[in-house]
Amino acid sequence: MKFKPLYVLLLSGLAACAQVPVNHQETEKKEESAEHEEVDQQNLPKQNLTAPILFDFLVGETALQRGNLDVAINRYLKLARTTRDPRIAKRATEIALHTGNPYFTEQAASIWIELEPDSIEARQTIAAVLVSLGKLDAARPHFEMLLASEKDSIGNAFMQLNQLLSRNADRSATLQLIQHLAQPYKDLPEAHFAISQAAWFSNEHQLALQEMQRALALRPDWEIAAVHNGRILQRISIPEASEFYRDYLQKHPTANEVRIAYTRVLIGEKNLDAAQKQLQWLSDNNPEDAEIMLATGLLATEMGDLSYTEMNFKKALSLGYKDTSAVYFHLAQIYEETQRPDLAMESYQMVKGGGRYLPAQVRYADLLAQKGNVAEAREHLHKLPAANDQQAAHLILAEAQIVRRTKAHQEVYDLLTEGLKKLPDYPELLYDRALTADKLRKYQILEQDLRKLIKLKPDNAHAYNALGYSYAERGIQLTEALKLIKKASELSPEDPYIMDSLGWVYYRMGKRAEGLNYLNLAFAARPDPEIAAHLGELLWVQGAKDDAKSIWRSALEKDPDNEVLLETMRRFMKKKAIN
């Protein structure tokens with residue numbers, strides 16, 4: 001947040017400071033014009049610039065420039081109370097917002113709205129702060145006045161209401177507030193839309209449906225309300241949602257957003273023939289609409305029709321779709337999926353900016369490395385700019401993945417260690433180094449990193465699982481291993497890799513029946529080669545050798561170089577039988 005320098009406040013903040021020369025008045029007008037602040041000078045308080053006030057200004061401004069926000073806000077709150085100047089109160093509010101302390105902000109904004117009761121900005125600020133503090137009853141009159149002031153755009157105000165109230169965690173109380181605010185506007189469709197949204201967030205789906213239907217009754221051709229009505233119906237009855245969309249489109253055939261929503265329902269129902277007809281209708285009836293081409297392409301991806309997706313993405317580009325980077329990124333993913341790496345690399349290079357730029361360049365480097373150009377790929381990553389710690393960490397992880405394929409585990413370990421010197425608490429770096437330390441049998445580092453990760457992220461299921469699995473794999477501390485993996489399972493009960501770890505630790509503890517149960521579940525959910533290795537080993541030792549061989553060989557066909565699978569097969573089968 002940018003704050004005006006001290007001399008501007010001294011000139012413009014106090015209306016009746018001693019006689020101000022003419023040239024200073026001109027400076028004041030210029031500064032106020034630059035800051036878009038129009039204050040009626042006659043309504044400002046008559047306040048002399050006393051030594052205590054000047055001292056508070058100097059202390060507050062110095063603290064602000066040095067980043068000591070607590071001192072700054074205390075001084076400016078004192079100044080706001082002393083001077084009774086709305087501009088000082090506004091500045092105190094800005095500083096309080098910058099501190100992130102809602103209690104300071106409430107004090108400052110309360111003074112501001114008291115001094116400038118007609119200020120929409122002040123009322124919006126105090127309403128938002130009260131919401132964040134959960135004081136909805138106190139916020140209600142402010143919202144009532146804000147809505148009353150929006151005579152020409154009351155509909156837009158209601159459409160933004162749920163977003164303004166989103167900071168309040170009590171969804172039921174939010175619903176009650178919006179219902180109260182909407183009472184004077186029973187003929188306004190947006191008011192019913194706002195109630196429906198609030199009811200949806202409160203999981204009151206029947207009320208959400210009733211209110212959205214009231215909105216549609218008042219405004220039958222309101223497409224966004226129709227889309228939301230269908231989404232609510234999906235929670236209640238998918239066939240009813242499908243029927244609603246179908247009937248709506250018969251009356252409003254050009255409602256493209258509704259048709260797109262209907263197509264998604266059909267895809268979800270696996271009614272791909274009907275979905276394809278809807279896509280074709282959209283394409284045929286909107287041949288010059290780039291956004292429709294992109295939307296139909298994305299829907300075709302959900303259907304697995306990548307050729308149709310590719311065709312429509314290219315149409316979107318030819319029609320001048322503005323966000324070309326998004327289209328090229330999606331095209332590159334299709335080329336990867338269809339085993340055309342050169343075209344994928346070309347498309348990734350066409351991503352020139354935005355949030356997809358860095359992921360595109362990382363994928364380009366990875367594909368470059370897969371072609372054997374590892375050094376060039378790493379150099380490409382080194383040249384990429386990192387705007388923040390997250391991007392810096394992701395670049396390190398991407399390079400580590402490239403080096404890992406060369407099986408240079410020590411180099412990967414060194415790379416991640418260097419990264420952790422710069423970002424010592426970054427979770428993904430800790431996790432990746434722990435797994436690499438396991439490859440190098442640096443078990444002390446593995447345990448150190450994973451325990452630190454658990455401390456930083458106590459809800460990270462993979463950290464518990466990795467530590468527990470490491471103990472189980474080495475046949476040590478099996479009781480603790482089981483405890484750790486069970487904790488991981490509580491956090492992520494459907495994860496097949498955690499199911500695999502549970503099966504593996506039970507097997508190591510001699511509880512083969514429990515082990516086989518979890519390994520079967522894991523393999524059914526994801527026939528991963530390492531899960532196959534574990535399941536096959538347990539089957540082998542139980543005497544089901546043919547079943548073990550079948551599972552191993554099937555997994556080997558998909559991943560012939562998997563180290564865990566190959567090592568397991570060598571232990572139990574003759575080498576010549578593997579090949």
# chains A, B, ... in the order shown; residues from 1 in each chain; ligands from 1
$ select_by_dssp --residues "stretch 345-517 of chain A" --states "alpha helix (DSSP H)" --output "PyMOL selection string"
chain A and resi 345-349+357-370+374-383+389-404+409-422+427-439+443-456+461-474+478-491+496-508+512-517
$ closest_atom_pairs --of "stretch 474-509 of chain A" --to "stretch 529-545 of chain A" --cutoff "12 Å" --atoms "only C-alpha atoms" --output "CSV"
residue,atom,partner,partner_atom,distance
A:Pro496,CA,A:Ile531,CA,8.7
A:Tyr497,CA,A:Ile531,CA,7.6
A:Ile498,CA,A:Ile531,CA,10.3
A:Met499,CA,A:Ile531,CA,9.4
A:Asp500,CA,A:Ile531,CA,6.2
A:Ser501,CA,A:Ile531,CA,8.9
A:Leu502,CA,A:His534,CA,11.1
A:Gly503,CA,A:His534,CA,8.5
A:Trp504,CA,A:His534,CA,6.9
A:Val505,CA,A:His534,CA,10.6
A:Tyr506,CA,A:Leu538,CA,10.6
A:Tyr507,CA,A:Leu538,CA,7.3
A:Arg508,CA,A:Leu538,CA,9.8
$ write_last_selection --atoms "all heavy atoms" --output "short mmCIF file (atom, residue, chain, number, x, y, z; two decimals), in the first residue's frame"
data_model
loop_
_atom_site.label_atom_id
_atom_site.label_comp_id
_atom_site.auth_asym_id
_atom_site.auth_seq_id
_atom_site.Cartn_x
_atom_site.Cartn_y
_atom_site.Cartn_z
N PRO A 496 -4.32 -44.91 -2.80
CA PRO A 496 -3.87 -46.29 -2.99
C PRO A 496 -2.45 -46.54 -2.49
O PRO A 496 -2.13 -47.65 -2.05
CB PRO A 496 -3.98 -46.51 -4.50
CG PRO A 496 -4.00 -45.15 -5.09
CD PRO A 496 -4.63 -44.25 -4.09
N TYR A 497 -1.60 -45.51 -2.53
CA TYR A 497 -0.22 -45.69 -2.06
C TYR A 497 -0.18 -45.87 -0.54
O TYR A 497 0.66 -46.61 -0.02
CB TYR A 497 0.64 -44.51 -2.49
CG TYR A 497 0.80 -44.42 -3.99
CD1 TYR A 497 0.18 -43.42 -4.73
CD2 TYR A 497 1.56 -45.38 -4.68
CE1 TYR A 497 0.31 -43.35 -6.10
CE2 TYR A 497 1.70 -45.31 -6.06
CZ TYR A 497 1.07 -44.30 -6.77
OH TYR A 497 1.19 -44.25 -8.13
N ILE A 498 -1.09 -45.19 0.15
CA ILE A 498 -1.16 -45.37 1.60
C ILE A 498 -1.75 -46.74 1.94
O ILE A 498 -1.31 -47.41 2.87
CB ILE A 498 -1.96 -44.22 2.24
CG1 ILE A 498 -1.20 -42.90 2.04
CG2 ILE A 498 -2.17 -44.47 3.73
CD1 ILE A 498 -1.95 -41.67 2.49
N MET A 499 -2.74 -47.18 1.15
CA MET A 499 -3.26 -48.55 1.32
C MET A 499 -2.14 -49.57 1.12
O MET A 499 -2.03 -50.55 1.86
CB MET A 499 -4.37 -48.82 0.30
CG MET A 499 -5.64 -48.05 0.49
SD MET A 499 -6.83 -48.50 -0.80
CE MET A 499 -7.92 -47.08 -0.76
N ASP A 500 -1.30 -49.32 0.11
CA ASP A 500 -0.16 -50.21 -0.14
C ASP A 500 0.77 -50.26 1.07
O ASP A 500 1.22 -51.34 1.48
CB ASP A 500 0.59 -49.71 -1.38
CG ASP A 500 1.90 -50.44 -1.60
OD1 ASP A 500 1.88 -51.66 -1.83
OD2 ASP A 500 2.95 -49.78 -1.52
N SER A 501 1.04 -49.09 1.65
CA SER A 501 1.93 -49.04 2.82
C SER A 501 1.32 -49.79 3.99
O SER A 501 2.03 -50.50 4.73
CB SER A 501 2.20 -47.59 3.22
OG SER A 501 2.92 -46.91 2.22
N LEU A 502 0.00 -49.65 4.18
CA LEU A 502 -0.67 -50.39 5.25
C LEU A 502 -0.53 -51.90 5.05
O LEU A 502 -0.21 -52.65 5.98
CB LEU A 502 -2.15 -50.01 5.31
CG LEU A 502 -2.57 -48.92 6.28
CD1 LEU A 502 -4.06 -48.63 6.16
CD2 LEU A 502 -2.21 -49.26 7.71
N GLY A 503 -0.77 -52.33 3.82
CA GLY A 503 -0.62 -53.75 3.52
C GLY A 503 0.80 -54.23 3.75
O GLY A 503 1.03 -55.34 4.29
N TRP A 504 1.76 -53.39 3.38
CA TRP A 504 3.17 -53.76 3.49
C TRP A 504 3.61 -53.86 4.95
O TRP A 504 4.33 -54.78 5.33
CB TRP A 504 4.01 -52.75 2.73
CG TRP A 504 5.42 -53.19 2.46
CD1 TRP A 504 6.57 -52.56 2.83
CD2 TRP A 504 5.83 -54.35 1.74
NE1 TRP A 504 7.67 -53.23 2.38
CE2 TRP A 504 7.25 -54.36 1.70
CE3 TRP A 504 5.15 -55.39 1.11
CZ2 TRP A 504 7.99 -55.36 1.09
CZ3 TRP A 504 5.89 -56.39 0.48
CH2 TRP A 504 7.30 -56.37 0.48
N VAL A 505 3.16 -52.91 5.77
CA VAL A 505 3.58 -52.96 7.18
C VAL A 505 2.92 -54.14 7.90
O VAL A 505 3.55 -54.79 8.75
CB VAL A 505 3.29 -51.62 7.90
CG1 VAL A 505 1.81 -51.40 8.16
CG2 VAL A 505 4.05 -51.57 9.23
N TYR A 506 1.67 -54.45 7.55
CA TYR A 506 1.04 -55.64 8.14
C TYR A 506 1.78 -56.90 7.72
O TYR A 506 1.98 -57.82 8.53
CB TYR A 506 -0.44 -55.71 7.72
CG TYR A 506 -1.36 -54.87 8.57
CD1 TYR A 506 -2.21 -53.93 7.98
CD2 TYR A 506 -1.40 -55.03 9.95
CE1 TYR A 506 -3.06 -53.17 8.76
CE2 TYR A 506 -2.25 -54.27 10.73
CZ TYR A 506 -3.08 -53.33 10.14
OH TYR A 506 -3.92 -52.58 10.92
N TYR A 507 2.19 -56.96 6.47
CA TYR A 507 2.96 -58.12 5.98
C TYR A 507 4.27 -58.24 6.75
O TYR A 507 4.66 -59.32 7.19
CB TYR A 507 3.22 -57.96 4.49
CG TYR A 507 4.28 -58.88 3.92
CD1 TYR A 507 4.16 -60.26 4.01
CD2 TYR A 507 5.41 -58.35 3.28
CE1 TYR A 507 5.13 -61.10 3.48
CE2 TYR A 507 6.38 -59.18 2.75
CZ TYR A 507 6.24 -60.55 2.86
OH TYR A 507 7.20 -61.38 2.33
N ARG A 508 4.95 -57.11 6.96
CA ARG A 508 6.22 -57.12 7.69
C ARG A 508 6.02 -57.54 9.16
O ARG A 508 6.91 -58.10 9.78
CB ARG A 508 6.86 -55.74 7.64
CG ARG A 508 7.38 -55.33 6.26
CD ARG A 508 8.56 -56.15 5.86
NE ARG A 508 9.31 -55.52 4.77
CZ ARG A 508 10.42 -55.99 4.27
NH1 ARG A 508 10.95 -57.11 4.74
NH2 ARG A 508 11.04 -55.38 3.28
#
$ closest_residue --among "A:Val258, A:Leu266, A:Lys439, A:Leu368" --to "A:Glu563" --atoms "only C-alpha atoms"
A:Lys439
$ residues_around --residues "stretch 135-139 of chain A" --least-positions-apart "2" --cutoff "12 Å" --atoms "only C-alpha atoms" --output "PyMOL selection string"
chain A and resi 102-103+106+110+123-133+141-146+164-178+180-181
